[in-house]
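Text of start-v2.txt (compact mmCIF, C-alpha atoms) as supplied:
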```
# COMPACT_ATOMS: atom_id res chain seq x y z
CA MET A 27 0.00 0.00 0.00
CA ASN A 28 1.38 3.34 -1.05
CA TRP A 29 0.64 6.42 1.09
CA LEU A 30 0.10 8.38 -2.13
CA ASP A 31 -2.83 6.09 -2.99
CA ASP A 32 -4.64 7.16 0.18
CA ILE A 33 -5.05 10.67 -1.19
CA ARG A 34 -8.28 11.56 -2.95
CA TRP A 35 -6.81 13.39 -5.93
CA ASP A 36 -9.30 15.65 -7.70
CA GLU A 37 -10.46 15.18 -11.29
CA GLN A 38 -7.27 16.91 -12.49
CA GLY A 39 -5.12 14.63 -10.34
CA LEU A 40 -4.33 17.45 -7.92
CA VAL A 41 -4.61 18.08 -4.19
CA PRO A 42 -4.72 21.52 -2.50
CA VAL A 43 -1.73 22.25 -0.27
CA ILE A 44 -1.39 24.76 2.57
CA ALA A 45 2.14 25.82 3.58
CA GLN A 46 2.44 26.92 7.19
CA GLU A 47 5.62 28.26 8.79
CA ALA A 48 6.40 25.89 11.66
CA SER A 49 8.14 28.42 13.90
CA THR A 50 5.48 31.16 13.76
CA GLY A 51 2.33 29.27 12.74
CA ASP A 52 1.83 31.78 9.92
CA VAL A 53 0.02 30.47 6.85
CA LEU A 54 2.36 31.51 4.06
CA MET A 55 0.81 30.23 0.86
CA PHE A 56 -1.58 27.89 -0.87
CA ALA A 57 -0.77 25.84 -3.96
CA TRP A 58 -1.44 22.51 -5.63
CA MET A 59 0.42 19.23 -5.98
CA ASN A 60 0.02 16.25 -8.23
CA ARG A 61 1.23 12.79 -7.27
CA GLU A 62 4.73 13.36 -8.61
CA ALA A 63 5.06 16.69 -6.79
CA LEU A 64 4.11 15.21 -3.43
CA ALA A 65 6.36 12.19 -3.93
CA ARG A 66 9.24 14.51 -4.81
CA THR A 67 8.49 16.77 -1.83
CA ALA A 68 8.72 13.82 0.55
CA GLU A 69 11.85 12.54 -1.17
CA ILE A 70 13.92 15.73 -1.07
CA GLY A 71 12.35 17.36 2.00
CA GLU A 72 11.61 20.57 0.11
CA ALA A 73 8.28 21.76 -1.26
CA VAL A 74 7.66 20.88 -4.90
CA TYR A 75 4.31 22.05 -6.25
CA TRP A 76 2.44 21.63 -9.51
CA SER A 77 2.18 24.94 -11.32
CA ARG A 78 -1.25 25.02 -12.92
CA SER A 79 -0.38 28.11 -14.95
CA ARG A 80 2.84 26.64 -16.33
CA SER A 81 1.72 22.98 -16.30
CA ARG A 82 4.95 21.75 -14.80
CA LEU A 83 6.56 20.82 -11.50
CA TRP A 84 7.64 23.89 -9.58
CA HIS A 85 10.37 23.46 -7.01
CA LYS A 86 9.49 26.43 -4.80
CA GLY A 87 12.49 28.74 -4.63
CA GLU A 88 14.07 27.50 -7.85
CA GLU A 89 14.26 31.10 -9.11
CA SER A 90 13.92 33.16 -5.95
CA GLY A 91 16.05 31.02 -3.68
CA HIS A 92 13.12 31.00 -1.27
CA ILE A 93 13.17 27.24 -0.70
CA GLN A 94 10.69 25.67 1.71
CA LYS A 95 12.22 23.01 3.93
CA VAL A 96 9.49 20.54 4.82
CA LEU A 97 9.33 19.48 8.48
CA ASP A 98 5.96 17.74 8.57
CA ILE A 99 3.34 16.60 6.05
CA ARG A 100 -0.25 16.35 7.25
CA LEU A 101 -3.42 15.09 5.57
CA ASP A 102 -6.95 16.09 6.53
CA CYS A 103 -9.87 13.90 7.63
CA ASP A 104 -11.26 13.61 4.07
CA ASN A 105 -7.86 12.71 2.62
CA ASP A 106 -8.12 15.54 0.12
CA VAL A 107 -6.11 18.45 1.54
CA VAL A 108 -2.41 18.52 2.52
CA LEU A 109 -0.83 20.77 5.14
CA LEU A 110 2.93 21.29 5.11
CA LYS A 111 4.80 22.57 8.15
CA ILE A 112 7.80 24.30 6.66
CA GLU A 113 10.82 26.44 7.32
CA GLN A 114 10.94 29.30 4.82
CA LEU A 115 14.56 29.66 3.71
CA GLY A 116 16.45 32.30 1.69
CA HIS A 117 15.60 35.46 3.61
CA GLU A 118 15.13 36.49 7.22
CA PRO A 119 12.25 36.83 7.95
CA GLY A 120 11.01 34.32 5.41
CA ILE A 121 9.50 35.44 2.13
CA ALA A 122 6.97 33.06 0.58
CA CYS A 123 5.09 35.49 -1.66
CA HIS A 124 6.16 36.56 -5.14
CA THR A 125 5.28 40.14 -4.14
CA GLY A 126 8.22 40.03 -1.69
CA ARG A 127 6.03 39.68 1.38
CA HIS A 128 6.26 37.15 4.19
CA SER A 129 2.88 35.59 3.43
CA CYS A 130 0.63 35.59 0.39
CA PHE A 131 -2.31 36.47 2.67
CA PHE A 132 -1.49 40.14 3.08
CA GLN A 133 -4.85 41.56 2.02
CA ARG A 134 -7.30 42.12 4.84
CA HIS A 135 -11.02 42.62 4.45
CA GLU A 136 -11.92 46.06 5.85
CA GLY A 137 -15.43 47.36 5.25
CA ASP A 138 -16.12 46.97 1.54
CA GLN A 139 -12.55 46.57 0.37
CA TRP A 140 -9.30 44.61 0.64
CA VAL A 141 -6.36 46.46 2.17
CA ALA A 142 -2.73 45.36 1.83
CA VAL A 143 -1.60 45.39 5.46
CA ASP A 144 1.76 43.58 5.42
CA PRO A 145 5.05 45.11 4.25
CA VAL A 146 7.10 44.18 1.21
CA LEU A 147 10.33 42.76 2.64
CA LYS A 148 12.25 42.65 -0.62
CA ASP A 149 11.59 44.23 -4.00
CA PRO A 150 10.38 41.50 -6.41
CA GLU A 151 12.70 42.92 -9.06
CA ARG A 152 15.60 42.02 -6.80
CA ILE A 153 14.15 38.58 -6.09
CA TYR A 154 13.61 37.58 -9.73
CA LYS A 155 16.65 39.08 -11.40
CA MET B 19 -16.89 48.40 -6.37
CA ASN B 20 -17.80 45.38 -4.28
CA TRP B 21 -15.03 43.55 -2.41
CA LEU B 22 -16.66 40.28 -3.48
CA ASP B 23 -16.02 41.19 -7.12
CA ASP B 24 -12.28 41.29 -6.45
CA ILE B 25 -12.22 37.55 -5.82
CA ARG B 26 -11.32 35.24 -8.67
CA TRP B 27 -14.05 32.66 -8.20
CA ASP B 28 -13.31 29.33 -9.87
CA GLU B 29 -15.37 27.83 -12.68
CA GLN B 30 -17.86 26.53 -10.09
CA GLY B 31 -18.11 29.96 -8.50
CA LEU B 32 -16.14 28.83 -5.45
CA VAL B 33 -13.05 29.92 -3.58
CA PRO B 34 -10.93 27.70 -1.27
CA VAL B 35 -10.94 28.78 2.37
CA ILE B 36 -8.45 27.99 5.14
CA ALA B 37 -9.66 28.35 8.74
CA GLN B 38 -6.89 29.12 11.23
CA GLU B 39 -7.36 29.42 14.98
CA ALA B 40 -6.26 32.93 15.88
CA SER B 41 -5.07 32.18 19.42
CA THR B 42 -2.90 29.15 18.59
CA GLY B 43 -2.14 29.59 14.90
CA ASP B 44 -3.37 26.03 14.29
CA VAL B 45 -4.82 25.34 10.87
CA LEU B 46 -8.14 23.73 11.74
CA MET B 47 -9.84 23.01 8.45
CA PHE B 48 -10.20 23.70 4.77
CA ALA B 49 -13.48 24.23 2.94
CA TRP B 50 -15.08 26.19 0.11
CA MET B 51 -17.25 29.28 -0.16
CA ASN B 52 -19.37 30.73 -2.89
CA ARG B 53 -20.19 34.41 -3.11
CA GLU B 54 -23.24 34.11 -0.88
CA ALA B 55 -21.34 32.15 1.77
CA LEU B 56 -18.56 34.74 2.00
CA ALA B 57 -21.04 37.62 2.07
CA ARG B 58 -22.96 35.89 4.86
CA THR B 59 -19.73 35.13 6.77
CA ALA B 60 -18.79 38.80 6.74
CA GLU B 61 -22.32 39.84 7.66
CA ILE B 62 -22.79 37.62 10.72
CA GLY B 63 -19.14 37.25 11.77
CA GLU B 64 -19.36 33.45 11.77
CA ALA B 65 -18.02 31.03 9.15
CA VAL B 66 -20.58 30.00 6.54
CA TYR B 67 -19.23 27.62 3.90
CA TRP B 68 -20.59 26.07 0.74
CA SER B 69 -21.03 22.35 1.19
CA ARG B 70 -20.07 20.75 -2.11
CA SER B 71 -21.44 17.35 -1.03
CA ARG B 72 -24.82 18.75 0.02
CA SER B 73 -24.93 21.64 -2.46
CA ARG B 74 -26.10 24.13 0.11
CA LEU B 75 -24.85 26.81 2.47
CA TRP B 76 -23.37 25.30 5.60
CA HIS B 77 -23.24 27.44 8.72
CA LYS B 78 -20.37 25.70 10.47
CA GLY B 79 -21.58 24.47 13.86
CA GLU B 80 -25.27 24.46 12.92
CA GLU B 81 -25.49 20.82 14.08
CA SER B 82 -22.44 20.41 16.30
CA GLY B 83 -22.57 23.78 18.02
CA HIS B 84 -18.94 24.21 16.96
CA ILE B 85 -19.40 27.70 15.58
CA GLN B 86 -16.42 29.59 14.18
CA LYS B 87 -16.32 33.24 15.18
CA VAL B 88 -14.51 35.15 12.44
CA LEU B 89 -11.92 37.68 13.60
CA ASP B 90 -10.16 38.44 10.33
CA ILE B 91 -10.68 37.68 6.63
CA ARG B 92 -7.61 37.62 4.42
CA LEU B 93 -7.16 37.21 0.67
CA ASP B 94 -4.02 35.97 -1.05
CA CYS B 95 -1.89 37.68 -3.69
CA ASP B 96 -3.74 36.00 -6.59
CA ASN B 97 -7.16 36.89 -5.16
CA ASP B 98 -8.22 33.26 -5.29
CA VAL B 99 -7.73 31.85 -1.75
CA VAL B 100 -9.28 33.11 1.51
CA LEU B 101 -7.79 32.73 4.98
CA LEU B 102 -10.04 33.12 8.02
CA LYS B 103 -8.64 33.84 11.48
CA ILE B 104 -11.22 32.35 13.79
CA GLU B 105 -12.12 31.51 17.34
CA GLN B 106 -13.42 27.94 17.50
CA LEU B 107 -16.42 27.95 19.85
CA GLY B 108 -18.49 25.21 21.50
CA HIS B 109 -15.81 23.17 23.23
CA GLU B 110 -12.59 23.82 25.09
CA PRO B 111 -10.17 23.18 23.46
CA GLY B 112 -11.87 23.91 20.15
CA ILE B 113 -13.12 21.10 17.94
CA ALA B 114 -13.26 21.86 14.22
CA CYS B 115 -13.18 18.31 12.83
CA HIS B 116 -16.23 16.06 12.43
CA THR B 117 -14.11 13.24 13.90
CA GLY B 118 -14.12 15.13 17.23
CA ARG B 119 -10.55 16.31 16.91
CA HIS B 120 -9.17 19.81 17.29
CA SER B 121 -7.98 20.03 13.68
CA CYS B 122 -8.86 18.14 10.53
CA PHE B 123 -5.14 17.76 9.84
CA PHE B 124 -4.50 14.96 12.31
CA GLN B 125 -2.86 12.49 9.93
CA ARG B 126 0.93 12.72 9.73
CA HIS B 127 3.06 11.28 6.98
CA GLU B 128 5.45 8.75 8.54
CA GLY B 129 7.48 6.54 6.25
CA ASP B 130 5.05 5.02 3.75
CA GLN B 131 1.84 5.66 5.67
CA TRP B 132 -0.42 8.23 7.33
CA VAL B 133 -0.66 8.00 11.11
CA ALA B 134 -3.45 9.63 13.17
CA VAL B 135 -1.42 11.51 15.78
CA ASP B 136 -3.97 13.82 17.44
CA PRO B 137 -6.54 12.72 20.03
CA VAL B 138 -10.32 12.60 19.68
CA LEU B 139 -11.57 15.23 22.14
CA LYS B 140 -15.25 14.28 21.95
CA ASP B 141 -17.01 11.22 20.54
CA PRO B 142 -18.69 12.21 17.23
CA GLU B 143 -21.79 10.30 18.34
CA ARG B 144 -22.10 12.75 21.17
CA ILE B 145 -21.44 15.72 18.88
CA TYR B 146 -24.07 14.80 16.25
CA LYS B 147 -26.87 13.43 18.39
```
Would you give me this structure, written as structure tokens?
Amino acid sequence: MNWLDDIRWDEQGLVPVIAQEASTGDVLMFAWMNREALARTAEIGEAVYWSRSRSRLWHKGEESGHIQKVLDIRLDCDNDVVLLKIEQLGHEPGIACHTGRHSCFFQRHEGDQWVAVDPVLKDPERIYK
Amino acid sequence: MNWLDDIRWDEQGLVPVIAQEASTGDVLMFAWMNREALARTAEIGEAVYWSRSRSRLWHKGEESGHIQKVLDIRLDCDNDVVLLKIEQLGHEPGIACHTGRHSCFFQRHEGDQWVAVDPVLKDPERIYK
């Protein structure tokens, strides 16, 4: 029995993945994995996602250097969502978002709008150079 | 301009939602919302999801009493994932999972299998009676 067979992959063969920083508890990002991505993640101990926009494996940090070291892999009660506990490498404090912010969830609902409330830690032009 | 229009709803009109306990940082569950569910969540300050299995609005806790009080609503950089910071009501410590556990993410990847590592806090037969 393979642990990858226990997962209820969706009709595209994907599973949603939440990346949470282990040290702070901060939810840093959300992405998708296919079977190969999750197998690779477990094998190398670094987050490898499936890029739906580019239709290829995406070793997080391959361009930015913002690698995610995987400390723990969790599966939910319905076997269809994965939670990674990670250490966000490459910058201090960690940068997971392509906008140069710590977390992708930097927009807060306030009244009838979304307000960007978290600072840019590094200019994206300097990240992706 | 309506803040709900800023969200990139998927082809089914849904957005993935992560519920995180504000006090502990624990990721408790993952679910989906449609436009009406998110509007209602903001209106009443309690999590209302869209149940894909039952095809109806699902006011979390309506049967179990395990209501989620919403403290903060966040949106990610791509405008297609929502993060709720919540207080999990109805039991101490909070129970978000239908299995009677604190979090839905109680299965840990160990070797070639998933191991349930978190305790059942309340028998589901006593929750859904």
Take the point (5.3, 20.9, -12.7) in the file's coordinates, draw a sphere of radius 9 Å around it, and report as a PyMOL selection string every protein, DNA or RNA residue with an atom inside or on it, counting all atoms listed in the file. chain A and resi 59-60+62-63+74-78+80-85
Compile the residues of chain B that lie within 7 Å of chain A, evaluated using all atoms listed in the file, and express the compilation as a ChimeraX atom specification. /B:20-21,43-44,91-95,122-127,130-132
Using all atoms listed in the file, pick whichever of B:Ser71, B:Leu32, B:Arg58, B:Gly79 has the shortest atom-to-atom distance to Ile113 of chain B.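 Among the listed residues, B:Gly79 lies closest to Ile113 of chain B.
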Enter the distance from atom CA of Gly63 of chain B to atom CA of Lys87 of chain B, in Å, rounded to one decimal. 6.0 Å
What is the atom CA of Gly39 of chain A-atom CA of Glu89 of chain A distance in Å, reported with one decimal?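 Separation between atom CA of Gly39 of chain A and atom CA of Glu89 of chain A: 25.5 Å.
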Report the distance between atom CA of Ala114 of chain B and atom CA of Ile62 of chain B in Å, rounded to one decimal place.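 Straight-line distance from atom CA of Ala114 of chain B to atom CA of Ile62 of chain B works out to 18.7 Å.
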Taking into account all atoms listed in the file, which residue in the set B:Ser82, B:Glu64, B:Arg26, B:Val33 is nearest to Asp141 of chain B?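 Comparing B:Ser82, B:Glu64, B:Arg26, B:Val33 against Asp141 of chain B, the winner is B:Ser82.
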Some atoms are absent from segment 100-123 of chain B, so rebuild N, CA, C and O atoms and return them as a PDB file, in the frame of the given file.
```pdb
ATOM      1  N   VAL B 100      -8.919  32.331   0.318  1.00  0.00           N
ATOM      2  CA  VAL B 100      -9.280  33.110   1.510  1.00  0.00           C
ATOM      3  C   VAL B 100      -8.742  32.423   2.753  1.00  0.00           C
ATOM      4  O   VAL B 100      -8.732  31.191   2.845  1.00  0.00           O
ATOM      5  N   LEU B 101      -8.249  33.223   3.679  1.00  0.00           N
ATOM      6  CA  LEU B 101      -7.790  32.730   4.980  1.00  0.00           C
ATOM      7  C   LEU B 101      -8.618  33.404   6.064  1.00  0.00           C
ATOM      8  O   LEU B 101      -8.672  34.625   6.138  1.00  0.00           O
ATOM      9  N   LEU B 102      -9.281  32.589   6.882  1.00  0.00           N
ATOM     10  CA  LEU B 102     -10.040  33.120   8.020  1.00  0.00           C
ATOM     11  C   LEU B 102      -9.232  32.931   9.290  1.00  0.00           C
ATOM     12  O   LEU B 102      -8.719  31.846   9.547  1.00  0.00           O
ATOM     13  N   LYS B 103      -9.149  33.980  10.109  1.00  0.00           N
ATOM     14  CA  LYS B 103      -8.640  33.840  11.480  1.00  0.00           C
ATOM     15  C   LYS B 103      -9.876  33.721  12.355  1.00  0.00           C
ATOM     16  O   LYS B 103     -10.727  34.630  12.344  1.00  0.00           O
ATOM     17  N   ILE B 104      -9.968  32.625  13.069  1.00  0.00           N
ATOM     18  CA  ILE B 104     -11.220  32.350  13.790  1.00  0.00           C
ATOM     19  C   ILE B 104     -10.983  31.997  15.255  1.00  0.00           C
ATOM     20  O   ILE B 104      -9.876  31.663  15.675  1.00  0.00           O
ATOM     21  N   GLU B 105     -12.078  32.073  15.994  1.00  0.00           N
ATOM     22  CA  GLU B 105     -12.120  31.510  17.340  1.00  0.00           C
ATOM     23  C   GLU B 105     -13.094  30.329  17.260  1.00  0.00           C
ATOM     24  O   GLU B 105     -14.241  30.486  16.818  1.00  0.00           O
ATOM     25  N   GLN B 106     -12.603  29.153  17.627  1.00  0.00           N
ATOM     26  CA  GLN B 106     -13.420  27.940  17.500  1.00  0.00           C
ATOM     27  C   GLN B 106     -14.233  27.761  18.784  1.00  0.00           C
ATOM     28  O   GLN B 106     -13.687  27.418  19.830  1.00  0.00           O
ATOM     29  N   LEU B 107     -15.544  27.979  18.673  1.00  0.00           N
ATOM     30  CA  LEU B 107     -16.420  27.950  19.850  1.00  0.00           C
ATOM     31  C   LEU B 107     -17.037  26.560  20.085  1.00  0.00           C
ATOM     32  O   LEU B 107     -16.923  25.677  19.260  1.00  0.00           O
ATOM     33  N   GLY B 108     -17.667  26.397  21.241  1.00  0.00           N
ATOM     34  CA  GLY B 108     -18.490  25.210  21.500  1.00  0.00           C
ATOM     35  C   GLY B 108     -17.829  24.112  22.287  1.00  0.00           C
ATOM     36  O   GLY B 108     -18.494  23.177  22.743  1.00  0.00           O
ATOM     37  N   HIS B 109     -16.534  24.183  22.455  1.00  0.00           N
ATOM     38  CA  HIS B 109     -15.810  23.170  23.230  1.00  0.00           C
ATOM     39  C   HIS B 109     -14.460  23.775  23.579  1.00  0.00           C
ATOM     40  O   HIS B 109     -13.949  24.614  22.863  1.00  0.00           O
ATOM     41  N   GLU B 110     -13.901  23.326  24.689  1.00  0.00           N
ATOM     42  CA  GLU B 110     -12.590  23.820  25.090  1.00  0.00           C
ATOM     43  C   GLU B 110     -11.682  22.635  25.390  1.00  0.00           C
ATOM     44  O   GLU B 110     -12.012  21.856  26.297  1.00  0.00           O
ATOM     45  N   PRO B 111     -10.589  22.397  24.626  1.00  0.00           N
ATOM     46  CA  PRO B 111     -10.170  23.180  23.460  1.00  0.00           C
ATOM     47  C   PRO B 111     -11.107  23.001  22.264  1.00  0.00           C
ATOM     48  O   PRO B 111     -11.892  22.067  22.241  1.00  0.00           O
ATOM     49  N   GLY B 112     -10.988  23.903  21.309  1.00  0.00           N
ATOM     50  CA  GLY B 112     -11.870  23.910  20.150  1.00  0.00           C
ATOM     51  C   GLY B 112     -11.836  22.625  19.342  1.00  0.00           C
ATOM     52  O   GLY B 112     -10.782  22.004  19.203  1.00  0.00           O
ATOM     53  N   ILE B 113     -12.992  22.253  18.822  1.00  0.00           N
ATOM     54  CA  ILE B 113     -13.120  21.100  17.940  1.00  0.00           C
ATOM     55  C   ILE B 113     -13.635  21.603  16.587  1.00  0.00           C
ATOM     56  O   ILE B 113     -14.754  22.106  16.495  1.00  0.00           O
ATOM     57  N   ALA B 114     -12.812  21.454  15.554  1.00  0.00           N
ATOM     58  CA  ALA B 114     -13.260  21.860  14.220  1.00  0.00           C
ATOM     59  C   ALA B 114     -13.608  20.651  13.359  1.00  0.00           C
ATOM     60  O   ALA B 114     -14.360  20.768  12.403  1.00  0.00           O
ATOM     61  N   CYS B 115     -13.062  19.490  13.700  1.00  0.00           N
ATOM     62  CA  CYS B 115     -13.180  18.310  12.830  1.00  0.00           C
ATOM     63  C   CYS B 115     -14.399  17.464  13.206  1.00  0.00           C
ATOM     64  O   CYS B 115     -14.685  17.288  14.393  1.00  0.00           O
ATOM     65  N   HIS B 116     -15.049  16.905  12.187  1.00  0.00           N
ATOM     66  CA  HIS B 116     -16.230  16.060  12.430  1.00  0.00           C
ATOM     67  C   HIS B 116     -15.853  14.748  13.125  1.00  0.00           C
ATOM     68  O   HIS B 116     -16.730  14.026  13.590  1.00  0.00           O
ATOM     69  N   THR B 117     -14.555  14.438  13.181  1.00  0.00           N
ATOM     70  CA  THR B 117     -14.110  13.240  13.900  1.00  0.00           C
ATOM     71  C   THR B 117     -13.970  13.510  15.401  1.00  0.00           C
ATOM     72  O   THR B 117     -13.597  12.617  16.166  1.00  0.00           O
ATOM     73  N   GLY B 118     -14.237  14.762  15.816  1.00  0.00           N
ATOM     74  CA  GLY B 118     -14.120  15.130  17.230  1.00  0.00           C
ATOM     75  C   GLY B 118     -12.741  15.577  17.627  1.00  0.00           C
ATOM     76  O   GLY B 118     -12.451  15.732  18.810  1.00  0.00           O
ATOM     77  N   ARG B 119     -11.904  15.826  16.624  1.00  0.00           N
ATOM     78  CA  ARG B 119     -10.550  16.310  16.910  1.00  0.00           C
ATOM     79  C   ARG B 119     -10.471  17.833  16.764  1.00  0.00           C
ATOM     80  O   ARG B 119     -11.309  18.463  16.128  1.00  0.00           O
ATOM     81  N   HIS B 120      -9.423  18.370  17.356  1.00  0.00           N
ATOM     82  CA  HIS B 120      -9.170  19.810  17.290  1.00  0.00           C
ATOM     83  C   HIS B 120      -9.092  20.283  15.838  1.00  0.00           C
ATOM     84  O   HIS B 120      -9.791  21.209  15.432  1.00  0.00           O
ATOM     85  N   SER B 121      -8.232  19.653  15.070  1.00  0.00           N
ATOM     86  CA  SER B 121      -7.980  20.030  13.680  1.00  0.00           C
ATOM     87  C   SER B 121      -8.275  18.863  12.760  1.00  0.00           C
ATOM     88  O   SER B 121      -8.136  17.692  13.142  1.00  0.00           O
ATOM     89  N   CYS B 122      -8.669  19.194  11.537  1.00  0.00           N
ATOM     90  CA  CYS B 122      -8.860  18.140  10.530  1.00  0.00           C
ATOM     91  C   CYS B 122      -7.529  17.528  10.086  1.00  0.00           C
ATOM     92  O   CYS B 122      -7.513  16.428   9.531  1.00  0.00           O
ATOM     93  N   PHE B 123      -6.436  18.220  10.353  1.00  0.00           N
ATOM     94  CA  PHE B 123      -5.140  17.760   9.840  1.00  0.00           C
ATOM     95  C   PHE B 123      -4.412  16.919  10.874  1.00  0.00           C
ATOM     96  O   PHE B 123      -3.309  17.244  11.321  1.00  0.00           O
TER      97      PHE B 123
END
```
